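K.L.:
Supplied structure: data39.cif, mmCIF, C-alpha atoms.
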```
data_data
loop_
_atom_site.label_atom_id
_atom_site.label_comp_id
_atom_site.auth_asym_id
_atom_site.auth_seq_id
_atom_site.Cartn_x
_atom_site.Cartn_y
_atom_site.Cartn_z
CA MET A 1 -1.97 -45.65 82.27
CA GLY A 2 1.46 -44.27 83.04
CA GLU A 3 4.39 -43.77 80.69
CA SER A 4 5.51 -47.42 80.88
CA GLY A 5 2.06 -48.91 80.38
CA LYS A 6 1.54 -49.44 84.13
CA VAL A 7 -1.38 -48.07 86.04
CA PRO A 8 0.07 -45.42 88.38
CA LEU A 9 -0.38 -45.80 92.11
CA GLY A 10 -3.50 -44.14 93.39
CA GLU A 11 -3.28 -41.61 96.17
CA SER A 12 -4.54 -44.09 98.72
CA GLU A 13 -2.00 -46.77 97.68
CA ALA A 14 0.91 -44.30 97.84
CA ASP A 15 -0.34 -43.04 101.20
CA ARG A 16 -0.63 -46.63 102.46
CA ILE A 17 2.95 -47.48 101.45
CA LEU A 18 4.41 -44.31 102.93
CA GLY A 19 2.13 -44.66 105.96
CA LYS A 20 3.91 -47.91 106.80
CA VAL A 21 7.24 -46.13 106.58
CA ASP A 22 5.89 -43.37 108.81
CA ALA A 23 4.69 -45.96 111.34
CA VAL A 24 8.32 -46.99 111.89
CA VAL A 25 10.11 -43.66 111.50
CA ARG A 26 7.80 -41.35 113.47
CA PRO A 27 7.84 -43.25 116.80
CA LEU A 28 11.64 -43.55 116.67
CA ALA A 29 11.99 -39.83 116.10
CA LEU A 30 9.33 -38.68 118.52
CA TYR A 31 9.96 -41.07 121.40
CA LEU A 32 13.66 -41.93 121.28
CA GLY A 33 14.67 -38.56 119.85
CA GLY A 34 12.39 -36.80 122.32
CA ILE A 35 13.90 -38.64 125.27
CA MET A 36 17.37 -37.62 124.06
CA VAL A 37 16.28 -33.97 123.70
CA ILE A 38 14.91 -33.99 127.25
CA ALA A 39 18.14 -35.59 128.52
CA LEU A 40 20.16 -32.98 126.62
CA CYS A 41 18.10 -30.13 128.11
CA LEU A 42 18.36 -31.52 131.64
CA THR A 43 22.10 -32.03 131.26
CA THR A 44 22.58 -28.48 129.96
CA VAL A 45 20.44 -26.90 132.69
CA THR A 46 22.23 -28.94 135.37
CA ALA A 47 25.64 -28.01 133.98
CA VAL A 48 24.76 -24.30 133.86
CA GLY A 49 23.36 -24.49 137.39
CA PHE A 50 26.47 -26.16 138.74
CA ARG A 51 28.77 -23.75 136.92
CA TYR A 52 27.09 -20.44 137.78
CA ILE A 53 25.13 -21.12 140.96
CA LEU A 54 27.44 -23.55 142.74
CA ASN A 55 30.62 -22.36 140.99
CA SER A 56 31.50 -26.01 140.35
CA PRO A 57 31.52 -27.04 136.69
CA ILE A 58 30.74 -30.67 135.94
CA PHE A 59 33.77 -32.50 134.56
CA GLY A 60 33.05 -34.04 131.13
CA VAL A 61 29.66 -32.46 130.55
CA ALA A 62 30.72 -31.38 127.04
CA ASP A 63 31.33 -35.03 126.14
CA ILE A 64 27.92 -36.05 127.45
CA THR A 65 26.11 -33.27 125.59
CA GLN A 66 28.00 -34.12 122.39
CA ILE A 67 26.88 -37.76 122.62
CA LEU A 68 23.28 -36.77 123.43
CA LEU A 69 23.17 -34.35 120.50
CA LEU A 70 24.50 -37.04 118.20
CA THR A 71 21.69 -39.39 119.23
CA VAL A 72 19.09 -36.67 118.66
CA VAL A 73 20.37 -36.24 115.10
CA THR A 74 20.45 -40.00 114.58
CA PHE A 75 16.80 -40.45 115.43
CA SER A 76 15.58 -37.36 113.60
CA VAL A 77 17.15 -37.53 110.13
CA ALA A 78 14.67 -40.00 108.61
CA GLN A 79 11.66 -38.24 110.16
CA SER A 80 12.91 -34.89 108.92
CA GLY A 81 13.14 -36.32 105.42
CA ARG A 82 9.63 -37.79 105.59
CA THR A 83 8.05 -34.55 106.78
CA GLY A 84 9.91 -32.32 104.33
CA GLY A 85 11.78 -30.66 107.18
CA GLN A 86 15.06 -30.47 105.28
CA VAL A 87 16.03 -27.44 103.25
CA ALA A 88 14.73 -27.63 99.69
CA VAL A 89 14.66 -25.15 96.84
CA GLU A 90 11.60 -25.78 94.73
CA LEU A 91 12.12 -23.34 91.89
CA LEU A 92 11.79 -25.97 89.16
CA GLY A 93 8.15 -26.60 90.03
CA THR A 94 7.23 -23.02 89.20
CA VAL A 95 9.01 -23.07 85.82
CA THR A 96 8.36 -26.64 84.65
CA GLY A 97 5.46 -29.04 84.87
CA PRO A 98 4.80 -31.77 87.41
CA ARG A 99 6.15 -34.50 85.11
CA PHE A 100 9.61 -32.89 84.93
CA THR A 101 9.56 -32.14 88.65
CA ARG A 102 8.72 -35.77 89.39
CA TRP A 103 11.84 -36.93 87.51
CA THR A 104 14.08 -34.36 89.16
CA ASP A 105 12.71 -35.51 92.54
CA ILE A 106 13.58 -39.09 91.61
CA LEU A 107 17.10 -38.06 90.54
CA VAL A 108 17.70 -36.13 93.75
CA LYS A 109 16.37 -38.98 95.89
CA VAL A 110 18.51 -41.53 94.04
CA LEU A 111 21.59 -39.38 94.65
CA GLY A 112 20.57 -39.01 98.30
CA ALA A 113 20.06 -42.77 98.61
CA ILE A 114 23.51 -43.44 97.16
CA MET A 115 25.01 -40.92 99.57
CA MET A 116 23.18 -42.50 102.54
CA ALA A 117 24.35 -45.99 101.48
CA VAL A 118 27.97 -44.85 101.28
CA LEU A 119 27.66 -43.01 104.58
CA THR A 120 26.11 -46.05 106.28
CA VAL A 121 28.91 -48.33 105.10
CA GLN A 122 31.57 -45.83 106.16
CA LEU A 123 30.00 -45.40 109.59
CA VAL A 124 29.88 -49.17 110.13
CA GLU A 125 33.55 -49.42 109.10
CA SER A 126 34.40 -46.55 111.46
CA GLY A 127 32.53 -48.32 114.25
CA MET A 128 34.53 -51.49 113.67
CA THR A 129 37.87 -49.66 113.79
CA ALA A 130 37.06 -47.02 116.42
CA ALA A 131 38.61 -48.92 119.33
CA GLU A 132 41.68 -49.80 117.27
CA TYR A 133 42.32 -46.13 116.55
CA GLY A 134 41.36 -44.93 120.02
CA GLU A 135 38.30 -43.00 118.87
CA ALA A 136 36.83 -41.63 122.09
CA SER A 137 35.56 -38.41 123.60
CA TYR A 138 38.14 -35.97 124.88
CA THR A 139 37.68 -35.78 128.65
CA LEU A 140 35.69 -38.87 129.65
CA THR A 141 37.10 -41.09 126.89
CA ILE A 142 33.65 -42.44 126.00
CA PRO A 143 34.30 -44.86 123.11
CA PHE A 144 32.79 -43.67 119.82
CA GLY A 145 32.36 -47.15 118.30
CA PRO A 146 28.76 -47.73 119.47
CA TYR A 147 27.78 -44.23 118.36
CA PHE A 148 29.17 -44.83 114.86
CA TYR A 149 26.84 -47.86 114.69
CA LEU A 150 23.96 -45.77 116.00
CA LEU A 151 24.59 -43.11 113.36
CA ALA A 152 24.81 -45.84 110.70
CA PHE A 153 21.37 -47.04 111.83
CA GLY A 154 19.95 -43.51 111.45
CA MET A 155 21.44 -43.05 107.99
CA ALA A 156 20.25 -46.53 106.91
CA LEU A 157 16.76 -45.66 108.11
CA TYR A 158 16.79 -42.52 105.97
CA LEU A 159 18.09 -44.63 103.05
CA ILE A 160 15.05 -46.88 103.44
CA VAL A 161 12.76 -43.83 103.49
CA LEU A 162 14.32 -42.56 100.27
CA LEU A 163 13.99 -45.96 98.59
CA PHE A 164 10.28 -46.15 99.41
CA GLU A 165 9.75 -42.58 98.18
CA ILE A 166 11.60 -43.41 94.93
CA TYR A 167 9.39 -46.48 94.50
CA VAL A 168 6.23 -44.41 94.97
CA HIS A 169 7.49 -41.83 92.45
CA LEU A 170 8.38 -44.52 89.90
CA GLN A 171 4.92 -46.05 90.26
CA GLY A 172 3.36 -42.68 89.47
CA GLY A 173 2.26 -41.92 93.01
CA GLU A 174 2.64 -38.65 94.82
CA VAL A 175 5.02 -38.35 97.76
CA ARG A 176 3.43 -36.10 100.32
CA HIS A 177 5.48 -34.81 103.21
CA ARG A 178 3.02 -35.02 106.05
CA VAL A 179 3.81 -33.53 109.41
CA GLY A 180 2.34 -35.77 112.07
CA THR A 181 1.64 -35.26 115.72
CA MET A 182 1.98 -37.45 118.77
CA ASP A 183 -1.69 -38.40 118.28
CA ASP A 184 -0.71 -40.10 115.00
CA VAL A 185 1.78 -42.42 116.70
#
```
The structure in this file should be written as structure tokens.
P.N.:
Amino acid sequence: MGESGKVPLGESEADRILGKVDAVVRPLALYLGGIMVIALCLTTVTAVGFRYILNSPIFGVADITQILLLTVVTFSVAQSGRTGGQVAVELLGTVTGPRFTRWTDILVKVLGAIMMAVLTVQLVESGMTAAEYGEASYTLTIPFGPYFYLLAFGMALYLIVLLFEIYVHLQGGEVRHRVGTMDDV
């Protein structure tokens, strides 16, 4: 039994819960994010070709690449968090035991979840007021409103990932950051 008298989650139960999260997050990151990366690469190669080979730069290509890069980040944040791809300093684990590390992980994830919740709300508010304030890209004046909503979706998705990881920690399960492949999708 765990500290609160509950039976902690077994490895298979924790893996099952987080596997469901992965089943949503991974395809979004790999497929939608991958399509955006390919579009970004093609846009960059085309722009470089036009600029240096044809001596005719493409007007507004910086705006397009900025929007494409933003969508890549949007679709990859939650997956990066699930696979442990974000920068982490794990010095406490070498000095303290797993019980203390579990609680520091919970604290950090709670703080991250609060931050993602605030960020999501702020991005939705920015999306609602973007047109009013003329928020748009510099040369092509692409409105930023829809992209604020898209970013809010990405941050909300990471918030959901953090909440599930917190739940697994609180139930005594282990959160494993598994790097998947396209075969897992």
K.L.:
Between atom CA of Lys20 of chain A and atom CA of Ala117 of chain A, what is the distance in Å, rounded to a tenth?
P.N.:
21.2 Å
K.L.:
Would you kindly translate the PyMOL selection byres ((chain A and resi 124) around 10) into the concrete residues it picks from this file, as a list in words?
P.N.:
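Applying the PyMOL selection byres ((chain A and resi 124) around 10) to the structure shown produces Leu119, Thr120, Val121, Gln122, Leu123, Glu125, Ser126, Gly127, Met128, Thr129, Ala130, Gly145, Pro146, Tyr147, Phe148, Tyr149, Leu150, Leu151, Ala152 and Phe153 of chain A.
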K.L.:
Nearest to Ile114 of chain A among A:Val45, A:Thr74, A:Val25, A:Tyr158, with distances taken over all atoms listed in the file: which residue is it?
P.N.:
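With all atoms listed in the file as the atom set, the closest residue is A:Tyr158.
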K.L.:
My list of candidates is A:Gly49, A:Gly112, A:Pro27, A:Gly84. Which is closest to Leu162 of chain A when distances are computed with only C-alpha atoms?
P.N.:
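Closest to Leu162 of chain A of all the choices is A:Gly112.
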K.L.:
Would you pick out the contacts of Ile17 of chain A at 12 Å or less, using only C-alpha atoms, so that residues sharing its chain but fewer than 4 positions from it are not included, and give the list as an MDAnalysis selection string?
P.N.:
chainID A and resid 9:13 21:24 161 163:169 171 173:176
